[in-house]
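A.B. asks: Attaching a single structure in structure tokens format; questions to follow.
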Amino acid sequence: MLSKIYKKLIIDFSKTTLALLLILIGFSIYHSKNFNLDASSDALLLEGDKDLKYLREVNERYKSKDFLVLTYTPVSSFTEKETILNLQLLKSKIEKLTWVDSVITVIDVPLLKSTDENLMDRLKNYKNLSYPEIDRKRGFDEILNSPIYKNYVISEDGKTSGIVVYLKKDERLAEYIKIKDKYFIQSEETGLTKEEKNSYKKFIKEYDEYKNLYNVRNRQNIKEIRDVISKYGENAKIHLGGIPMIADDMMSFIKNDIFVFGIGVLIFIILTLWLIFKNIKWVIMPLIGCLTSVVVMIGLLGLIGWKVTVISSNFIALMLILNMAMNIHVTVRFLQLKKEFPELSKSQAVFLSTKKMILPILYTVLTTICAFLSLIFSGIKPIIDFGWMMTLGLFVSFLITFLLLPSLLSSFSSENEINIKDTEKSFITSVLGSIAKKYKLSIFFITGLIVVVSVIGISKLEVENSFINYFDKKTEIYKGMKKIDEDLGGTTPLNIIIKFPVKKINEEKDDEFSEWEEDSNENENKAKYWFTRDKMDKILKVHDYLDSLPEIGKVLSFGSILRVAEDLNNKELQSLEIAVLYSKIPPEIKQEIISPYISVEDDEARISVRIKDSLENLRRNDLIKKINLDLNEELGLEKEEYRLTGVLILFNNLLQSLFKSQILTLGIVMLGIISMFFILFRNINLSLIGVVPNFIAAFFILGIIGLAEIPLDMMTITIAAITIGIAVDNSIHYIYRFKEEFKKIKDYKKTLDRCHSTVGIAILNTSITIVFGFSILILSNFIPTIYFGIFTGIAMLLAMISVLTLLPQLILIFKPFGEEI
């Protein structure tokens with residue numbers, strides 16, 4: 001029944017089917033206006049990560065703000081009047097931007113050694129480099145040697161200054177994030193009712209709309225500050241950095257990648273089709289099928305509201321590549337049937353070619369879907385979305401291929417269609433066929449060698465999150481981060497929160513405080529007794545330990561301020577003196593250099609460090625483990641007395657989760673594909689034989705990555721699963737055709753020759769298309785995408801060679817289709 005309906009759709013009513021598909025294209029183009037991108041840092045975080053929740057609590061407690069960082073390297077010295085004037089003008093222009101909260105530069109640093117007044121007077125009447133009467137040389141030397149500001153707002157060599165631009169907090173977005181987290185926690189712990197699910201859907205739509213508006217505003221903000229910077233670039237070299245800038249540039253990268261990948265793959269597909277068929281008709285018809293699939297998919301993404309991230313920015317290229325493989329197989333089979341059986345009418349040839357190809361292509365789609373669905377175990381929303389996105393895309397491609405292409409063949413091919421190019425002659429497939437038949441020992445020796453190399457390489461795999469190395473060295477992101485990393489104390493933030501035991505005021509009070517009994521509010525009263533020497537020594541001990549680690553750049557804590565005060569007093573301060581100092585510091589200085597590191601109310605101290613992200617031998621996961629262990633065993637802190645948090649922790653969690661979910665679930669992918677082989681061929685031996693070449697190719701690529709010491713990241717960690725899913729398509733086509741031909745020939749070697757001259761050519765053509773299609777990804781500015789393209793392409797090439805050498809040899813040995821006649 002279904003077969004008859006399908007035949008009517010593609011043969012009898014092909015023009016009606018084409019008209020309906022044209023309407024679908026129009027519908028998709030209309031909804032493509034809602035096609036959106038997302039490059040925010042939130043898109044690359046684990047859903048429900050407890051460390052993310054804690055970091056947000058810490059940021060709220062210590063009033064952390066989003067910020068941009070400018071590296072400012074003037075032509076002349078910072079002690080020159082002209083340099084200070086230019087810096088003042090730049091700061092003034094930036095401060096006038098409506099979205100800027102405050103700006104901190106080297107000329108804002110309070111100078112406490114520039115006069116000979118007592119400490120309290122210095123704090124009340126502090127000056128900075130911009131004051132005309134200040135001794136600039138003396139003041140600049142103070143900044144260069146300051147425990148607080150050295151390698152923070154000024155480089156060690158004194159040539160580069162950091163300008164920190166704090167942004168006004170978007171209260172509405174912060175509230176949206178809180179509500180979103182609340183919904184997520186509730187869904188995980190108790191579940192959502194039907195009404196709550198409906199409310200959540202409405203909220204997400206509202207949240208996404210505001211997030212789009214926020215992204216637009218952020219893009220405008222970055223453009224505004226770059227316009228300001230461009231006017232002051234004559235007298236100084238300026239680089240822009242910071243998460244808001246990275247998010248905006250990433251958005252540009254995604255747009256550029258989508259355009260470049262799409263156009264690049266499209267051009268290559270046209271060239272490939274021309275080389276295969278040498279006929280404009282057979283270039284246009286498969287090409288229309290590919291483009292239609294992509295347009296329909298973009299429309300669906302706009303309708304559903306799925307956003308494309310840097311992870312899924314190559315989905316258009318992938319869809320074009322995979323869809324082209326389907327189109328080539330169907331087209332080649334149609335032309336082969338017309339050549340072998342000239343008596344077949346056009347309608348019969350169209351229906352027969354689709355009938356013979358629909359089942360193997362369906363199974364290739366299902367196996368590829370199996371690979372992409374493995375991404376849903378990552379726990380990272382954009383990667384999960386990428387998995388579902390490609391799953392939907394493959395179904396769309398399958399339906400379009402078997403509705404549009406047959407309808408086009410029925411409507412526009414001629415009755416006496418001949419294949420202009422002789423498909424039975426291919427030097428490459430002939431050579432591979434000869435190798436498969438004659439060099440059994442060589443094939444198994446090379447296979448064994450590949451397995452050994454793969455095992456050694458895989459044992460060397462490691463997961464890293466060197467964010468700076470994700471970007472091309474020519475990009476502004478890389479240049480800015482590199483400069484900050486080398487001259488201004490590192491890039492990736494890490495916080496160490498020290499938790500002090502909560503004691504009653506009466507228990508902490510001692511004779512040292514008995515003379516200070518003035519009335520005050522509760523927090524001020526607590527502060528009087530909070531600053532004990534024991535607490536200060538603990539902060540200093542952790543501070544000095546962190547400062548001793550070569551991987552860590554700038555360390556800031558209350559200990560930094562304490563050391564400045566002790567240097568000015570020429571003695572170690574005791575509890576009462578520290579408490580008095582805290583109470584007398586001007587509010588603007590306290591807010592800037594003390595409040596971010598001490599929470600009296602919560603009995604906590606925060607030590608802020610930045611990691612030198614560009615160090616070649618940096619191993620972030622090992623560093624985190626070392627700090628946790630040393631704080632406990634070397635410094636004697638109980639495990640409940642400290643906690644690590646920050647961006648470093650979040651991205652490390654992300655990659656460790658990917659490693660566990662993807663590498664360890666490869667077995668599930670393999671079992672799923674073996675099961676599909678068994679369902680298709682009803683033969684366990686054949687199922688095992690069919691997957692071996694592809695598994696070997698996938699694991700060999702992982703081995704190469706390990707031997708090359710390339711760390712696994714967001715993209716490369718998915719290569720093995722995706723390679724298996726795509727490459728196994730070749731095995732299905734080859735085995736399916738071998739089974740079909742063996743029934744007629746009943747001779748394994750002759751069947752091998754027949755398959756290599758028919759389906760082997762289709763496999764060769766599609767593999768070349770896929771390999772070169774993936775090579776287009778090297779044009780990305782995002783390094784993980786480049787690695788993904790290179791290694792997936794190589795894996796597909798190896799898989800193709802294995803399918804046309806190792807697979808036939810395994811078939812000749814095990815004879816899974818029965819005995820020969």
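Labels for the structure tokens follow display order: chains A, B, ..., residues from 1 in each chain, ligands from 1.
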Neighbours of range 563-565 of chain A within 9 Å (only C-alpha atoms; same-chain residues fewer than 4 positions away dropped), as number ranges by chain?
C.D. replies: A: 119, 146-148, 558-559, 569-573, 578, 581
A.B. asks: List the neighbours of range 391-397 of chain A out to 6 Å using only C-alpha atoms; skip same-chain residues closer than 5 positions along the sequence, and give me the result as a list of chain:residue names.
C.D. replies: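 The contact residues come out as A:Ser293, A:Asn323, A:Ile369.
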A.B. asks: Quick one: everything within 8 Å of range 722-735 of chain A, counting only C-alpha atoms, minus sequence neighbours fewer than 6 positions away in the same chain. Send it as a list of chain:residue names.
C.D. replies: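 These residues fall inside the cut-off: A:Pro360, A:Ile361, A:Tyr363, A:Thr364, A:Val365, A:Thr367, A:Thr368, A:Ile369, A:Cys370, A:Ala371, A:Phe372, A:Ile673, A:Phe677, A:Gly690, A:Val691, A:Asn694, A:Phe695, A:Ala698, A:Cys755, A:Val759, A:Gly760, A:Ile763, A:Thr792, A:Ala795, A:Met796, A:Ala799, A:Met800, A:Val803, A:Leu807.
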A.B. asks: Neighbouring residues of Ser595 in chain A were defined as those with any atom within 9 Å, considering only C-alpha atoms; residues of the same chain fewer than 4 positions away were excluded. Please report them as a VMD selection string.
C.D. replies: chain A and resid 62 to 63 558 590 to 591 599
A.B. asks: Report, in Å with one decimal, the straight-line distance from CA of Arg754 in chain A to CA of Ile284 in chain A.
C.D. replies: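 So the answer is 28.7 Å.
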A.B. asks: Hey, what's within 10 Å of Ile710 in chain A if we count only C-alpha atoms and toss same-chain stuff fewer than 4 positions away? As a PyMOL selection string, please?
C.D. replies: chain A and resi 460-464+702+704-706+716+787
A.B. asks: So that I can check the surroundings of range 373-376 of chain A, please list as a list in words every protein, DNA and RNA residue that reaches within 9 Å of it, counting only C-alpha atoms and ignoring chain neighbours fewer than 2 positions away.
C.D. replies: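 Listed by chain and then number, they are Thr368, Ile369, Cys370, Ala371, Ser378, Gly379, Ile380, Lys381, Ile383, Ile384, Asp385, Phe386, Gly387, Trp388, Met390, Thr391, Leu658, Ser661, Gln662, Thr665, Leu666, Ile668, Val669, Thr718, Ala721 and Ile722 of chain A.
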A.B. asks: Those residues with N, CA, C and O atoms, as a tab-separated table (two decimals), in the first residue's frame please?
C.D. replies:
```
chain	number	residue	atom	x	y	z
A	368	THR	N	23.93	7.05	11.51
A	368	THR	CA	24.50	8.39	11.71
A	368	THR	C	23.77	9.11	12.82
A	368	THR	O	24.39	9.79	13.65
A	369	ILE	N	22.46	8.95	12.87
A	369	ILE	CA	21.66	9.53	13.96
A	369	ILE	C	22.10	8.96	15.30
A	369	ILE	O	22.21	9.68	16.30
A	370	CYS	N	22.38	7.68	15.33
A	370	CYS	CA	22.85	7.02	16.55
A	370	CYS	C	24.10	7.71	17.07
A	370	CYS	O	24.25	7.93	18.28
A	371	ALA	N	25.00	8.07	16.16
A	371	ALA	CA	26.23	8.75	16.55
A	371	ALA	C	25.95	10.15	17.09
A	371	ALA	O	26.46	10.55	18.13
A	378	SER	N	26.20	14.65	26.92
A	378	SER	CA	27.22	15.60	27.35
A	378	SER	C	26.78	16.45	28.53
A	378	SER	O	27.60	16.88	29.33
A	379	GLY	N	25.46	16.74	28.64
A	379	GLY	CA	24.99	17.63	29.69
A	379	GLY	C	25.18	19.09	29.36
A	379	GLY	O	24.88	19.96	30.17
A	380	ILE	N	25.69	19.40	28.16
A	380	ILE	CA	25.94	20.78	27.75
A	380	ILE	C	24.93	21.13	26.67
A	380	ILE	O	24.89	20.51	25.62
A	381	LYS	N	24.11	22.13	26.94
A	381	LYS	CA	22.96	22.41	26.10
A	381	LYS	C	23.29	22.59	24.62
A	381	LYS	O	22.64	21.99	23.77
A	383	ILE	N	25.69	21.40	22.86
A	383	ILE	CA	26.12	20.13	22.28
A	383	ILE	C	24.92	19.18	22.17
A	383	ILE	O	24.77	18.46	21.18
A	384	ILE	N	24.07	19.21	23.19
A	384	ILE	CA	22.82	18.42	23.13
A	384	ILE	C	21.98	18.89	21.95
A	384	ILE	O	21.47	18.09	21.17
A	385	ASP	N	21.84	20.22	21.84
A	385	ASP	CA	21.06	20.79	20.73
A	385	ASP	C	21.65	20.42	19.38
A	385	ASP	O	20.93	20.16	18.41
A	386	PHE	N	22.99	20.39	19.30
A	386	PHE	CA	23.66	20.01	18.06
A	386	PHE	C	23.30	18.57	17.70
A	386	PHE	O	23.04	18.25	16.53
A	387	GLY	N	23.29	17.69	18.71
A	387	GLY	CA	22.90	16.29	18.46
A	387	GLY	C	21.49	16.18	17.93
A	387	GLY	O	21.23	15.50	16.92
A	388	TRP	N	20.54	16.86	18.60
A	388	TRP	CA	19.14	16.83	18.14
A	388	TRP	C	18.98	17.55	16.80
A	388	TRP	O	18.18	17.13	15.95
A	390	MET	N	21.17	17.80	14.33
A	390	MET	CA	21.62	16.94	13.23
A	390	MET	C	20.69	15.74	13.04
A	390	MET	O	20.52	15.24	11.92
A	391	THR	N	20.08	15.27	14.12
A	391	THR	CA	19.10	14.18	14.02
A	391	THR	C	17.92	14.63	13.17
A	391	THR	O	17.50	13.94	12.23
A	658	LEU	N	32.46	16.06	29.19
A	658	LEU	CA	32.51	15.60	27.81
A	658	LEU	C	33.35	14.33	27.68
A	658	LEU	O	32.97	13.39	26.98
A	661	SER	N	31.32	11.45	29.15
A	661	SER	CA	30.10	11.13	28.42
A	661	SER	C	30.36	10.64	27.00
A	661	SER	O	29.68	9.74	26.52
A	662	GLN	N	31.37	11.21	26.34
A	662	GLN	CA	31.60	10.84	24.95
A	662	GLN	C	32.53	9.65	24.78
A	662	GLN	O	32.21	8.71	24.06
A	665	THR	N	30.89	6.53	26.36
A	665	THR	CA	29.66	6.07	25.71
A	665	THR	C	29.87	5.64	24.26
A	665	THR	O	28.92	5.31	23.57
A	666	LEU	N	31.14	5.66	23.82
A	666	LEU	CA	31.41	5.13	22.48
A	666	LEU	C	30.97	3.68	22.38
A	666	LEU	O	30.53	3.22	21.32
A	668	ILE	N	28.38	2.39	23.72
A	668	ILE	CA	26.93	2.39	23.45
A	668	ILE	C	26.67	2.64	21.97
A	668	ILE	O	25.81	1.99	21.35
A	669	VAL	N	27.41	3.59	21.39
A	669	VAL	CA	27.27	3.87	19.96
A	669	VAL	C	27.61	2.63	19.14
A	669	VAL	O	26.89	2.27	18.20
A	718	THR	N	34.18	14.81	20.01
A	718	THR	CA	33.03	14.17	19.37
A	718	THR	C	33.39	13.48	18.06
A	718	THR	O	32.54	12.86	17.44
A	721	ALA	N	32.75	9.38	17.71
A	721	ALA	CA	31.36	8.95	17.59
A	721	ALA	C	30.77	9.37	16.24
A	721	ALA	O	30.09	8.57	15.57
A	722	ILE	N	31.02	10.62	15.83
A	722	ILE	CA	30.46	11.11	14.57
A	722	ILE	C	31.09	10.39	13.38
A	722	ILE	O	30.39	10.05	12.41
```
A.B. asks: Can you tell me which residues surround Phe402 in chain A at a distance of at most 9 Å, considering only C-alpha atoms, apart from same-chain residues fewer than 5 positions away, and format the answer as a list in words?
C.D. replies: Ile10, Asn327, Val330, Thr354, Ile358, Ser397 and Ser407 of chain A
A.B. asks: For Lys150 in chain A, which of A:Ser780, A:Asn632, A:Ser560, A:Ser442 is the closest residue, counting only C-alpha atoms?
C.D. replies: A:Ser560
A.B. asks: Quote the spacing between CA of Ile29 in chain A and CA of Leu404 in chain A in Å to one decimal place.
C.D. replies: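 CA of Ile29 in chain A sits 17.4 Å away from CA of Leu404 in chain A.
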A.B. asks: Rounded to one decimal in Å, what is the spacing between CA of Glu196 in chain A and CA of Arg56 in chain A?
C.D. replies: 24.5 Å
A.B. asks: So which bits of range 544-698 of chain A end up helix (DSSP H, G or I) when you DSSP the backbone, as an NGL selection string?
C.D. replies: :A and (544-547 or 558-569 or 575-584 or 587-593 or 620-633 or 639-641 or 647-663 or 666-681 or 684-698)
